[in-house]
file run.pdb (PDB, C-alpha atoms and all ligand atoms)
MODEL        1
ATOM      1  CA  MET A  32      -6.966 -23.089  -8.633
ATOM      2  CA  GLN A  33      -8.867 -23.411  -5.308
ATOM      3  CA  ARG A  34      -6.640 -24.877  -2.586
ATOM      4  CA  ALA A  35      -8.044 -26.366   0.622
ATOM      5  CA  LYS A  36      -7.405 -23.175   2.589
ATOM      6  CA  GLY A  37      -8.390 -20.715  -0.103
ATOM      7  CA  TYR A  38      -7.647 -19.372  -3.566
ATOM      8  CA  ASP A  39      -4.125 -19.821  -4.909
ATOM      9  CA  PRO A  40      -3.321 -17.784  -8.026
ATOM     10  CA  GLU A  41      -0.777 -18.914 -10.600
ATOM     11  CA  PRO A  42       2.883 -18.195  -9.674
ATOM     12  CA  MET A  43       3.995 -14.663 -10.542
ATOM     13  CA  ASP A  44       6.413 -13.586 -13.255
ATOM     14  CA  LEU A  45       8.843 -10.736 -12.774
ATOM     15  CA  PRO A  46       8.019  -7.597 -14.789
ATOM     16  CA  PRO A  47       9.483  -8.073 -18.338
ATOM     17  CA  LEU A  48      12.269  -5.509 -17.804
ATOM     18  CA  PHE A  49      13.742  -7.667 -15.033
ATOM     19  CA  GLN A  50      13.400 -11.068 -16.694
ATOM     20  CA  SER A  51      16.394 -12.496 -18.509
ATOM     21  CA  PRO A  52      16.676 -11.572 -21.254
ATOM     22  CA  SER A  53      15.252  -8.169 -20.423
ATOM     23  CA  ARG A  54      12.287  -7.074 -22.594
ATOM     24  CA  PRO A  55      11.920  -3.272 -22.444
ATOM     25  CA  VAL A  56       9.099  -3.014 -25.020
ATOM     26  CA  ALA A  57       7.066  -5.702 -23.256
ATOM     27  CA  MET A  58       7.790  -3.795 -20.035
ATOM     28  CA  LEU A  59       6.110  -0.704 -21.420
ATOM     29  CA  ARG A  60       3.024  -2.759 -22.267
ATOM     30  CA  TRP A  61       3.106  -4.443 -18.818
ATOM     31  CA  PHE A  62       3.421  -1.071 -17.074
ATOM     32  CA  VAL A  63       0.411   0.392 -18.888
ATOM     33  CA  THR A  64      -1.919  -2.632 -19.082
ATOM     34  CA  ARG A  65      -1.034  -4.465 -15.871
ATOM     35  CA  PHE A  66       0.382  -1.882 -13.495
ATOM     36  CA  LEU A  67      -1.361   1.393 -14.359
ATOM     37  CA  TRP A  68      -4.665  -0.080 -15.506
ATOM     38  CA  PRO A  69      -6.939  -0.103 -13.659
ATOM     39  CA  GLN A  70      -5.714   0.443 -10.095
ATOM     40  CA  SER A  71      -2.797   2.872 -10.317
ATOM     41  CA  LEU A  72      -4.657   5.172 -12.732
ATOM     42  CA  THR A  73      -7.569   5.150 -10.313
ATOM     43  CA  TRP A  74      -5.278   6.424  -7.534
ATOM     44  CA  ILE A  75      -4.064   9.259  -9.782
ATOM     45  CA  ALA A  76      -7.647  10.210 -10.689
ATOM     46  CA  LEU A  77      -8.753   9.978  -7.064
ATOM     47  CA  ALA A  78      -5.834  12.169  -5.940
ATOM     48  CA  ALA A  79      -6.724  14.759  -8.633
ATOM     49  CA  LEU A  80     -10.326  14.843  -7.373
ATOM     50  CA  VAL A  81      -9.225  15.100  -3.734
ATOM     51  CA  TYR A  82      -6.671  17.824  -4.485
ATOM     52  CA  HIS A  83      -8.810  19.992  -6.769
ATOM     53  CA  VAL A  84     -12.202  19.625  -5.090
ATOM     54  CA  PHE A  85     -11.713  18.633  -1.459
ATOM     55  CA  THR A  86      -8.477  20.353  -0.388
ATOM     56  CA  PRO A  87      -8.227  24.014   0.717
ATOM     57  CA  GLY A  88      -6.074  26.344  -1.404
ATOM     58  CA  LEU A  89      -2.366  26.608  -0.723
ATOM     59  CA  GLY A  90      -2.627  30.162   0.698
ATOM     60  CA  ARG A  91      -4.242  28.825   3.854
ATOM     61  CA  PHE A  92      -1.151  26.784   4.716
ATOM     62  CA  ALA A  93       1.404  29.625   4.631
ATOM     63  CA  SER A  94       0.836  30.082   8.365
ATOM     64  CA  LEU A  95       0.255  26.559   9.517
ATOM     65  CA  GLY A  96      -2.110  25.927  12.450
ATOM     66  CA  ALA A  97      -3.620  22.880  14.118
ATOM     67  CA  ASP A  98      -6.939  23.576  12.366
ATOM     68  CA  ASP A  99      -5.265  23.201   8.941
ATOM     69  CA  VAL A 100      -4.006  19.746   9.887
ATOM     70  CA  GLY A 101      -7.456  19.008  11.363
ATOM     71  CA  ILE A 102      -9.203  19.785   8.063
ATOM     72  CA  LEU A 103      -6.918  17.429   6.132
ATOM     73  CA  TRP A 104      -7.425  14.763   8.795
ATOM     74  CA  LEU A 105     -11.196  15.071   8.468
ATOM     75  CA  ARG A 106     -10.884  14.881   4.654
ATOM     76  CA  ASN A 107      -8.674  11.745   5.004
ATOM     77  CA  THR A 108     -11.190  10.137   7.358
ATOM     78  CA  ILE A 109     -14.112  10.698   4.979
ATOM     79  CA  LEU A 110     -12.057   9.457   2.004
ATOM     80  CA  MET A 111     -10.966   6.277   3.787
ATOM     81  CA  VAL A 112     -14.403   5.515   5.228
ATOM     82  CA  ILE A 113     -15.862   5.702   1.704
ATOM     83  CA  VAL A 114     -13.145   3.874  -0.274
ATOM     84  CA  ILE A 115     -11.781   1.390   2.289
ATOM     85  CA  GLY A 116     -15.065   1.005   4.160
ATOM     86  CA  GLY A 117     -16.845   0.455   0.829
ATOM     87  CA  GLN A 118     -14.607  -2.495  -0.014
ATOM     88  CA  HIS A 119     -14.980  -3.908   3.501
ATOM     89  CA  TRP A 120     -18.757  -3.638   3.280
ATOM     90  CA  TRP A 121     -18.965  -5.182  -0.200
ATOM     91  CA  LEU A 122     -16.523  -8.047   0.338
ATOM     92  CA  HIS A 123     -16.634  -8.818   4.062
ATOM     93  CA  ILE A 124     -20.092  -7.737   5.289
ATOM     94  CA  ARG A 125     -22.319  -8.195   2.243
ATOM     95  CA  LYS A 126     -19.949 -11.012   1.155
ATOM     96  CA  ALA A 127     -20.934 -10.195  -2.408
ATOM     97  CA  GLN A 128     -18.626 -12.791  -3.972
ATOM     98  CA  GLY A 129     -18.554 -15.262  -1.062
ATOM     99  CA  THR A 130     -15.067 -16.747  -0.810
ATOM    100  CA  GLN A 131     -14.469 -16.744  -4.567
ATOM    101  CA  PHE A 132     -10.887 -15.542  -5.268
ATOM    102  CA  LYS A 133     -10.326 -15.248  -1.484
ATOM    103  CA  TYR A 134      -6.805 -16.209  -0.372
ATOM    104  CA  GLU A 135      -8.068 -17.619   2.961
ATOM    105  CA  GLU A 136     -11.320 -19.492   3.486
ATOM    106  CA  ARG A 137     -11.763 -18.039   6.984
ATOM    107  CA  TRP A 138     -13.182 -14.579   7.665
ATOM    108  CA  LEU A 139     -11.720 -11.772   9.788
ATOM    109  CA  ALA A 140     -11.296 -12.406  13.527
ATOM    110  CA  LYS A 141     -13.841 -11.394  16.148
ATOM    111  CA  ASN A 142     -13.236 -11.914  19.875
ATOM    112  CA  ARG A 143      -9.490 -12.305  19.618
ATOM    113  CA  LYS A 144      -7.392 -10.868  22.425
ATOM    114  CA  SER A 145      -4.386 -10.069  20.209
ATOM    115  CA  PHE A 146      -6.351  -7.217  18.592
ATOM    116  CA  THR A 147      -7.149  -3.800  20.045
ATOM    117  CA  PHE A 148     -10.831  -3.898  21.182
ATOM    118  CA  ASP A 149     -10.540  -7.748  20.750
ATOM    119  CA  ASN A 150     -11.803  -7.322  17.185
ATOM    120  CA  GLN A 151      -9.719  -7.318  13.995
ATOM    121  CA  THR A 152     -11.843  -4.861  12.001
ATOM    122  CA  ARG A 153     -12.175  -2.335  14.860
ATOM    123  CA  ASP A 154      -8.448  -2.667  15.586
ATOM    124  CA  ASN A 155      -7.562  -2.072  11.922
ATOM    125  CA  MET A 156      -9.975   0.899  11.580
ATOM    126  CA  PHE A 157      -8.630   2.537  14.725
ATOM    127  CA  TRP A 158      -4.953   2.466  13.691
ATOM    128  CA  THR A 159      -5.794   3.428  10.107
ATOM    129  CA  LEU A 160      -8.053   6.402  10.840
ATOM    130  CA  VAL A 161      -6.469   7.818  13.999
ATOM    131  CA  SER A 162      -2.755   7.299  13.454
ATOM    132  CA  GLY A 163      -2.582   6.799   9.659
ATOM    133  CA  GLY A 164      -4.993   9.555   8.654
ATOM    134  CA  GLY A 165      -3.553  11.922  11.279
ATOM    135  CA  ILE A 166       0.117  11.536  10.358
ATOM    136  CA  ALA A 167      -0.713  11.717   6.626
ATOM    137  CA  ALA A 168      -2.549  15.023   7.294
ATOM    138  CA  LEU A 169       0.408  16.397   9.242
ATOM    139  CA  TYR A 170       2.894  15.486   6.495
ATOM    140  CA  GLU A 171       0.705  16.936   3.735
ATOM    141  CA  ALA A 172       0.223  20.179   5.679
ATOM    142  CA  ILE A 173       4.006  20.487   6.185
ATOM    143  CA  MET A 174       4.581  20.033   2.437
ATOM    144  CA  PHE A 175       1.858  22.596   1.630
ATOM    145  CA  ARG A 176       3.453  25.092   3.987
ATOM    146  CA  LEU A 177       6.854  24.632   2.324
ATOM    147  CA  TYR A 178       5.308  25.153  -1.138
ATOM    148  CA  ALA A 179       3.230  28.133   0.028
ATOM    149  CA  THR A 180       6.349  29.854   1.351
ATOM    150  CA  GLU A 181       8.377  28.827  -1.735
ATOM    151  CA  SER A 182      10.946  27.077   0.440
ATOM    152  CA  ILE A 183      11.384  23.944  -1.737
ATOM    153  CA  PRO A 184      11.873  23.390  -5.494
ATOM    154  CA  GLN A 185       8.662  23.210  -7.509
ATOM    155  CA  LEU A 186       7.863  21.953 -11.029
ATOM    156  CA  ASP A 187       5.853  24.369 -13.136
ATOM    157  CA  SER A 188       4.836  22.466 -16.272
ATOM    158  CA  VAL A 189       1.875  20.099 -16.358
ATOM    159  CA  TRP A 190       3.937  17.572 -18.357
ATOM    160  CA  ALA A 191       6.735  17.545 -15.800
ATOM    161  CA  ILE A 192       4.171  17.052 -13.013
ATOM    162  CA  ALA A 193       2.554  14.181 -14.967
ATOM    163  CA  ALA A 194       5.946  12.490 -15.553
ATOM    164  CA  MET A 195       6.926  12.916 -11.900
ATOM    165  CA  THR A 196       3.559  11.477 -10.814
ATOM    166  CA  LEU A 197       4.414   8.282 -12.738
ATOM    167  CA  ALA A 198       7.933   8.331 -11.271
ATOM    168  CA  VAL A 199       6.383   8.274  -7.764
ATOM    169  CA  PHE A 200       5.478   4.593  -8.227
ATOM    170  CA  TRP A 201       9.155   3.725  -8.825
ATOM    171  CA  ILE A 202      10.430   5.978  -6.052
ATOM    172  CA  GLU A 203       7.952   4.299  -3.691
ATOM    173  CA  GLY A 204       9.246   0.890  -4.871
ATOM    174  CA  LEU A 205      12.608   1.808  -3.331
ATOM    175  CA  HIS A 206      11.230   3.805  -0.382
ATOM    176  CA  PHE A 207       8.858   1.012   0.677
ATOM    177  CA  TYR A 208      11.501  -1.711   0.364
ATOM    178  CA  LEU A 209      13.980   0.239   2.517
ATOM    179  CA  ASN A 210      11.560   1.227   5.287
ATOM    180  CA  HIS A 211       9.922  -2.216   5.325
ATOM    181  CA  ARG A 212      13.309  -3.997   5.641
ATOM    182  CA  LEU A 213      14.208  -1.693   8.514
ATOM    183  CA  LEU A 214      10.894  -2.462  10.228
ATOM    184  CA  HIS A 215      11.742  -6.180  10.202
ATOM    185  CA  VAL A 216      14.949  -5.600  12.214
ATOM    186  CA  ASP A 217      14.733  -6.365  15.960
ATOM    187  CA  PRO A 218      13.737  -4.630  18.201
ATOM    188  CA  ILE A 219      11.996  -2.230  15.790
ATOM    189  CA  TYR A 220       9.855  -5.123  14.579
ATOM    190  CA  GLY A 221       8.478  -5.722  18.073
ATOM    191  CA  TRP A 222       7.964  -2.020  18.835
ATOM    192  CA  ALA A 223       6.205  -1.151  15.622
ATOM    193  CA  HIS A 224       5.704  -3.531  12.726
ATOM    194  CA  ALA A 225       4.352  -6.482  14.752
ATOM    195  CA  LEU A 226       1.100  -4.526  14.966
ATOM    196  CA  HIS A 227       0.609  -4.747  11.177
ATOM    197  CA  HIS A 228       1.589  -8.437  11.241
ATOM    198  CA  ARG A 229      -1.110  -9.319  13.779
ATOM    199  CA  ASN A 230      -3.027  -9.737  10.553
ATOM    200  CA  ALA A 231      -2.032 -12.990   8.803
ATOM    201  CA  ASN A 232      -5.507 -13.056   7.236
ATOM    202  CA  THR A 233      -6.021  -9.532   5.921
ATOM    203  CA  GLY A 234      -8.950  -7.271   5.001
ATOM    204  CA  PRO A 235      -9.220  -3.809   3.354
ATOM    205  CA  TRP A 236      -8.748  -2.006   6.691
ATOM    206  CA  THR A 237      -5.508  -3.950   7.326
ATOM    207  CA  GLY A 238      -3.668  -2.035   4.561
ATOM    208  CA  ILE A 239      -2.362   0.820   6.689
ATOM    209  CA  SER A 240      -3.242  -0.590  10.105
ATOM    210  CA  MET A 241       0.173   0.262  11.503
ATOM    211  CA  HIS A 242       1.864   1.520  14.658
ATOM    212  CA  PRO A 243       2.443   5.329  14.634
ATOM    213  CA  LEU A 244       6.191   4.713  14.399
ATOM    214  CA  GLU A 245       5.615   2.743  11.204
ATOM    215  CA  HIS A 246       3.286   5.463   9.859
ATOM    216  CA  LEU A 247       6.038   8.050  10.440
ATOM    217  CA  LEU A 248       8.337   6.020   8.155
ATOM    218  CA  TYR A 249       5.845   4.598   5.664
ATOM    219  CA  LEU A 250       4.117   7.944   4.985
ATOM    220  CA  SER A 251       7.404   9.887   4.651
ATOM    221  CA  LEU A 252       7.489   9.408   0.846
ATOM    222  CA  PRO A 253       6.519  13.062   0.014
ATOM    223  CA  PHE A 254       9.650  14.265   1.813
ATOM    224  CA  VAL A 255      11.795  13.087  -1.123
ATOM    225  CA  PHE A 256      10.357  16.230  -2.744
ATOM    226  CA  LEU A 257      12.232  18.407  -0.280
ATOM    227  CA  VAL A 258      15.195  17.829  -2.602
ATOM    228  CA  ILE A 259      13.681  16.616  -5.899
ATOM    229  CA  PRO A 260      11.380  19.184  -7.587
ATOM    230  CA  GLY A 261       7.714  18.221  -7.044
ATOM    231  CA  SER A 262       4.402  20.031  -6.641
ATOM    232  CA  PRO A 263       1.573  20.375  -4.095
ATOM    233  CA  PHE A 264      -0.515  17.951  -6.197
ATOM    234  CA  ILE A 265       2.275  15.369  -6.084
ATOM    235  CA  ALA A 266       2.410  15.691  -2.278
ATOM    236  CA  THR A 267      -1.341  14.979  -2.117
ATOM    237  CA  PHE A 268      -0.968  12.158  -4.641
ATOM    238  CA  CYS A 269       1.805  10.477  -2.594
ATOM    239  CA  LEU A 270      -0.388  10.449   0.512
ATOM    240  CA  VAL A 271      -3.632   9.424  -1.204
ATOM    241  CA  TYR A 272      -1.717   6.602  -2.908
ATOM    242  CA  LEU A 273      -0.134   5.481   0.380
ATOM    243  CA  MET A 274      -3.444   5.641   2.266
ATOM    244  CA  ILE A 275      -5.716   4.005  -0.305
ATOM    245  CA  SER A 276      -3.744   1.578  -2.510
ATOM    246  CA  PRO A 277      -3.077  -0.903   0.340
ATOM    247  CA  SER A 278      -6.829  -1.463   0.763
ATOM    248  CA  PRO A 279      -7.426  -3.621  -2.331
ATOM    249  CA  SER A 280      -3.972  -5.166  -1.939
ATOM    250  CA  HIS A 281      -4.865  -6.324   1.609
ATOM    251  CA  SER A 282      -8.544  -6.974   0.790
ATOM    252  CA  GLY A 283      -7.997 -10.741   1.027
ATOM    253  CA  PHE A 284      -9.394 -11.222  -2.502
ATOM    254  CA  ASP A 285      -7.135 -11.754  -5.521
ATOM    255  CA  ARG A 286      -9.835 -10.575  -7.940
ATOM    256  CA  PHE A 287     -12.985  -8.479  -7.556
ATOM    257  CA  LYS A 288     -16.058  -9.773  -9.340
ATOM    258  CA  ILE A 289     -18.324  -7.444 -11.262
ATOM    259  CA  GLY A 290     -21.412  -9.181 -12.521
ATOM    260  CA  GLN A 291     -21.705 -12.895 -13.085
ATOM    261  CA  ASP A 292     -18.546 -13.663 -15.065
ATOM    262  CA  ARG A 293     -16.441 -10.513 -15.137
ATOM    263  CA  ASP A 294     -13.710  -9.762 -12.663
ATOM    264  CA  PHE A 295     -10.647  -7.564 -12.371
ATOM    265  CA  HIS A 296      -7.356  -7.436 -10.541
ATOM    266  CA  GLY A 297      -7.909  -6.823  -6.808
ATOM    267  CA  GLY A 298      -5.464  -8.128  -4.206
ATOM    268  CA  ASP A 299      -1.694  -8.337  -4.252
ATOM    269  CA  HIS A 300      -0.603 -11.978  -4.228
ATOM    270  CA  PHE A 301       3.014 -10.848  -3.784
ATOM    271  CA  HIS A 302       2.327  -8.965  -0.527
ATOM    272  CA  ASN A 303      -0.178 -11.566   0.640
ATOM    273  CA  LEU A 304       2.698 -14.088   0.686
ATOM    274  CA  HIS A 305       4.603 -11.628   2.920
ATOM    275  CA  HIS A 306       1.739 -11.739   5.447
ATOM    276  CA  ARG A 307       1.748 -15.544   5.278
ATOM    277  CA  TYR A 308       5.496 -16.192   5.532
ATOM    278  CA  PHE A 309       7.041 -12.898   6.886
ATOM    279  CA  GLU A 310      10.598 -13.355   5.567
ATOM    280  CA  VAL A 311       9.776 -13.028   1.868
ATOM    281  CA  ASN A 312       8.560 -10.275  -0.488
ATOM    282  CA  TYR A 313       9.493  -7.170   1.486
ATOM    283  CA  GLY A 314       9.205  -4.866  -1.512
ATOM    284  CA  MET A 315       6.943  -4.568  -4.522
ATOM    285  CA  LEU A 316       6.889  -6.506  -7.766
ATOM    286  CA  LEU A 317       7.385  -3.320  -9.839
ATOM    287  CA  LEU A 318      10.966  -2.969  -8.580
ATOM    288  CA  PRO A 319      11.875  -6.522  -7.472
ATOM    289  CA  PHE A 320      14.591  -5.996  -4.856
ATOM    290  CA  ASP A 321      13.476  -9.320  -3.333
ATOM    291  CA  LYS A 322      14.632 -11.134  -6.461
ATOM    292  CA  TRP A 323      18.011  -9.375  -6.332
ATOM    293  CA  PHE A 324      18.525 -10.016  -2.601
ATOM    294  CA  GLY A 325      17.222 -13.596  -2.444
ATOM    295  CA  THR A 326      13.881 -13.170  -0.651
ATOM    296  CA  PHE A 327      11.541 -13.534  -3.636
ATOM    297  CA  HIS A 328       8.557 -15.905  -3.324
ATOM    298  CA  ASP A 329       6.560 -16.194  -6.544
ATOM    299  CA  GLY A 330       3.876 -18.445  -5.043
ATOM    300  CA  SER A 331       5.239 -21.672  -6.606
ATOM    301  CA  GLN A 332       6.057 -24.898  -4.776
ATOM    302  CA  GLU A 333       9.738 -24.523  -5.803
ATOM    303  CA  ALA A 334       9.950 -21.040  -4.272
ATOM    304  CA  HIS A 335       8.349 -22.473  -1.137
ATOM    305  CA  GLU A 336      10.969 -25.239  -0.844
ATOM    306  CA  GLU A 337      13.713 -22.648  -1.414
ATOM    307  CA  MET A 338      12.311 -20.492   1.384
ATOM    308  CA  LYS A 339      12.172 -23.481   3.764
ATOM    309  CA  ASP A 340      15.792 -24.403   2.904
ATOM    310  CA  ARG A 341      16.865 -20.835   3.593
ATOM    311  CA  LYS A 342      15.120 -20.862   6.970
ATOM    312  CA  ARG A 343      16.667 -24.239   7.906
ATOM    313  CA  HIS A 344      20.087 -22.916   6.904
ATOM    314  CA  GLU A 345      19.622 -19.761   8.998
ATOM    315  CA  ALA A 346      18.476 -21.854  11.993
ATOM    316  CA  ASP A 347      21.649 -23.986  11.711
ATOM    317  CA  LEU A 348      23.979 -21.003  11.833
TER     318      LEU A 348
HETATM  319 ZN    ZN B 401       0.808  -5.602   4.674
HETATM  320 ZN    ZN B 402       6.349  -6.848   7.100
ENDMDL
END
call {"tool": "encode", "arguments": {"input": "run.pdb", "output": "structure tokens"}}
result
Amino acid sequence: MQRAKGYDPEPMDLPPLFQSPSRPVAMLRWFVTRFLWPQSLTWIALAALVYHVFTPGLGRFASLGADDVGILWLRNTILMVIVIGGQHWWLHIRKAQGTQFKYEERWLAKNRKSFTFDNQTRDNMFWTLVSGGGIAALYEAIMFRLYATESIPQLDSVWAIAAMTLAVFWIEGLHFYLNHRLLHVDPIYGWAHALHHRNANTGPWTGISMHPLEHLLYLSLPFVFLVIPGSPFIATFCLVYLMISPSPSHSGFDRFKIGQDRDFHGGDHFHNLHHRYFEVNYGMLLLPFDKWFGTFHDGSQEAHEEMKDRKRHEADL
């Protein structure tokens, strides 16, 4: 469906486990064919490449110095310029698929005072690379130091590491919901999260274009492994996942075209509705806290009316 202002996908269903009645077998299929394939598996493969080929050995981090953080920062910058910049170039500069599957007809803002450097893309790149890449490097280096000095519990079997890697998606479902809800509370919203919400119309660089205070919270996922057994790879995976996965989800395009009539899952309709309407869809579809706490918007007209009723009711109080 192509609406006047852009592409409007079909309304979303909850994952089968959370529908009523619950369908656990269908959930397994959904998790593998819809959630893992292709994007989430790509993040695991990318993290394995980054960890095994482009990250210094753990020994280096036993005595942590600024240069160790610097190396990870440089690695993060190169990774993001290639993966996020590549999507930006393909979709927003080369405009390879025009506005097909694009949520908004309009393109990213130039000459707008609300953005740093008066330019949405430069603003988004700056916050992503300087603050996002820097804080991610610092957190990863801290985790590496703790593993190098054997100060935190560590998994030793490949199977346990693989299972925990899959569990990270669920842990992040809770972690993201909690920190994102907190960021919408005044005055924290104004101090920090408003910077991400400058972007109602989003692009790949918008994904982790956040205030440093938000990065400190959002990127803190690996610290759950201070208490739960994890591994150095899982620490890298958490941060690669947090840095890179928001780029297709904020790309502005619901699907990415390859060739004339093939396309695959790109953007995140669920989170796109959060950028449009703010007070809905704080979490992720995988673990639908929004459904359980009454802030779910599935993209349908009925959900829209419900949201407007809720807002009217809150305004009356
Ligand atoms: Zn966002
Ligand atoms: Zn938000």
call {"tool": "closest_residue", "arguments": {"input": "run.pdb", "among": "A:Pro253, A:Gly116, A:Gly290, A:Pro260", "to": "Tyr272 (chain A)", "atoms": "all atoms listed in the file"}}
result
A:Pro253
call {"tool": "residues_near_ligand", "arguments": {"input": "run.pdb", "ligand": "ligand ZN 401 (chain B)", "cutoff": "12 Å", "atoms": "only C-alpha atoms and all ligand atoms", "output": "PyMOL selection string"}}
result
chain A and resi 155+207+211+214+224-241+245+249+273+276-283+298-309+311-315
call {"tool": "closest_residue", "arguments": {"input": "run.pdb", "among": "A:Leu316, A:Ala127, A:Leu257, A:Ile219", "to": "ligand ZN 402 (chain B)", "atoms": "only C-alpha atoms and all ligand atoms"}}
result
A:Ile219
call {"tool": "resolve_selection", "arguments": {"input": "run.pdb", "expression": "the PyMOL selection byres (((chain A and resi 209) around 12) and not hetatm)", "output": "compact mmCIF listing (two decimals) with C-alpha atoms, keeping the file's coordinate frame"}}
result
# COMPACT_ATOMS: atom_id res chain seq x y z
CA ILE A 202 10.43 5.98 -6.05
CA GLU A 203 7.95 4.30 -3.69
CA GLY A 204 9.25 0.89 -4.87
CA LEU A 205 12.61 1.81 -3.33
CA HIS A 206 11.23 3.80 -0.38
CA PHE A 207 8.86 1.01 0.68
CA TYR A 208 11.50 -1.71 0.36
CA ASN A 210 11.56 1.23 5.29
CA HIS A 211 9.92 -2.22 5.32
CA ARG A 212 13.31 -4.00 5.64
CA LEU A 213 14.21 -1.69 8.51
CA LEU A 214 10.89 -2.46 10.23
CA HIS A 215 11.74 -6.18 10.20
CA VAL A 216 14.95 -5.60 12.21
CA LEU A 248 8.34 6.02 8.15
CA TYR A 249 5.84 4.60 5.66
CA SER A 251 7.40 9.89 4.65
CA LEU A 252 7.49 9.41 0.85
CA TYR A 313 9.49 -7.17 1.49
CA GLY A 314 9.20 -4.87 -1.51
CA MET A 315 6.94 -4.57 -4.52
CA LEU A 318 10.97 -2.97 -8.58
CA PHE A 320 14.59 -6.00 -4.86
CA ASP A 321 13.48 -9.32 -3.33
call {"tool": "atom_distance", "arguments": {"input": "run.pdb", "atom1": "CA of Phe256 (chain A)", "atom2": "CA of Asp99 (chain A)"}}
result
20.7 Å
call {"tool": "closest_residue", "arguments": {"input": "run.pdb", "among": "A:Leu169, A:Ala223, A:Ile75, A:Ala140", "to": "ligand ZN 402 (chain B)", "atoms": "only C-alpha atoms and all ligand atoms"}}
result
A:Ala223
call {"tool": "atom_distance", "arguments": {"input": "run.pdb", "atom1": "CA of Gln151 (chain A)", "atom2": "CA of Ala167 (chain A)"}}
result
22.3 Å
call {"tool": "closest_residue", "arguments": {"input": "run.pdb", "among": "A:Glu310, A:Ile289, A:Val161, A:His328", "to": "Trp121 (chain A)", "atoms": "only C-alpha atoms"}}
result
A:Ile289
call {"tool": "atom_distance", "arguments": {"input": "run.pdb", "atom1": "CA of Leu160 (chain A)", "atom2": "CA of Val112 (chain A)"}}
result
8.5 Å
call {"tool": "decode", "arguments": {"input": "run.pdb", "residues": "region 323-337 of chain A", "atoms": "N, CA and C atoms", "output": "PDB file, in the first residue's frame"}}
result
ATOM      1  N   TRP A 323       1.651  -5.395  26.602  1.00  0.00           N
ATOM      2  CA  TRP A 323       1.269  -5.697  27.985  1.00  0.00           C
ATOM      3  C   TRP A 323       0.999  -4.425  28.794  1.00  0.00           C
ATOM      4  N   PHE A 324       1.621  -3.306  28.396  1.00  0.00           N
ATOM      5  CA  PHE A 324       1.430  -2.068  29.168  1.00  0.00           C
ATOM      6  C   PHE A 324       0.631  -1.007  28.404  1.00  0.00           C
ATOM      7  N   GLY A 325      -0.052  -1.429  27.334  1.00  0.00           N
ATOM      8  CA  GLY A 325      -1.029  -0.541  26.686  1.00  0.00           C
ATOM      9  C   GLY A 325      -0.473   0.544  25.784  1.00  0.00           C
ATOM     10  N   THR A 326       0.736   0.383  25.259  1.00  0.00           N
ATOM     11  CA  THR A 326       1.274   1.412  24.354  1.00  0.00           C
ATOM     12  C   THR A 326       1.606   0.831  22.980  1.00  0.00           C
ATOM     13  N   PHE A 327       0.957  -0.278  22.634  1.00  0.00           N
ATOM     14  CA  PHE A 327       1.249  -0.948  21.362  1.00  0.00           C
ATOM     15  C   PHE A 327       0.515  -0.276  20.213  1.00  0.00           C
ATOM     16  N   HIS A 328       1.222   0.021  19.129  1.00  0.00           N
ATOM     17  CA  HIS A 328       0.616   0.529  17.892  1.00  0.00           C
ATOM     18  C   HIS A 328       1.050  -0.418  16.778  1.00  0.00           C
ATOM     19  N   ASP A 329       0.072  -1.122  16.189  1.00  0.00           N
ATOM     20  CA  ASP A 329       0.443  -2.119  15.172  1.00  0.00           C
ATOM     21  C   ASP A 329       0.383  -1.555  13.758  1.00  0.00           C
ATOM     22  N   GLY A 330       0.123  -0.236  13.642  1.00  0.00           N
ATOM     23  CA  GLY A 330       0.079   0.386  12.323  1.00  0.00           C
ATOM     24  C   GLY A 330      -1.320   0.429  11.732  1.00  0.00           C
ATOM     25  N   SER A 331      -2.330  -0.141  12.440  1.00  0.00           N
ATOM     26  CA  SER A 331      -3.694  -0.149  11.891  1.00  0.00           C
ATOM     27  C   SER A 331      -4.446   1.129  12.282  1.00  0.00           C
ATOM     28  N   GLN A 332      -5.530   1.382  11.565  1.00  0.00           N
ATOM     29  CA  GLN A 332      -6.370   2.545  11.862  1.00  0.00           C
ATOM     30  C   GLN A 332      -6.967   2.433  13.264  1.00  0.00           C
ATOM     31  N   GLU A 333      -7.346   1.189  13.664  1.00  0.00           N
ATOM     32  CA  GLU A 333      -7.943   0.992  15.001  1.00  0.00           C
ATOM     33  C   GLU A 333      -6.938   1.350  16.099  1.00  0.00           C
ATOM     34  N   ALA A 334      -5.686   0.901  15.925  1.00  0.00           N
ATOM     35  CA  ALA A 334      -4.658   1.209  16.918  1.00  0.00           C
ATOM     36  C   ALA A 334      -4.438   2.716  16.985  1.00  0.00           C
ATOM     37  N   HIS A 335      -4.577   3.372  15.819  1.00  0.00           N
ATOM     38  CA  HIS A 335      -4.387   4.822  15.768  1.00  0.00           C
ATOM     39  C   HIS A 335      -5.483   5.543  16.551  1.00  0.00           C
ATOM     40  N   GLU A 336      -6.736   5.095  16.372  1.00  0.00           N
ATOM     41  CA  GLU A 336      -7.855   5.699  17.111  1.00  0.00           C
ATOM     42  C   GLU A 336      -7.675   5.477  18.614  1.00  0.00           C
ATOM     43  N   GLU A 337      -7.230   4.261  18.969  1.00  0.00           N
ATOM     44  CA  GLU A 337      -6.991   3.938  20.385  1.00  0.00           C
ATOM     45  C   GLU A 337      -5.954   4.876  20.985  1.00  0.00           C
TER      46      GLU A 337
END
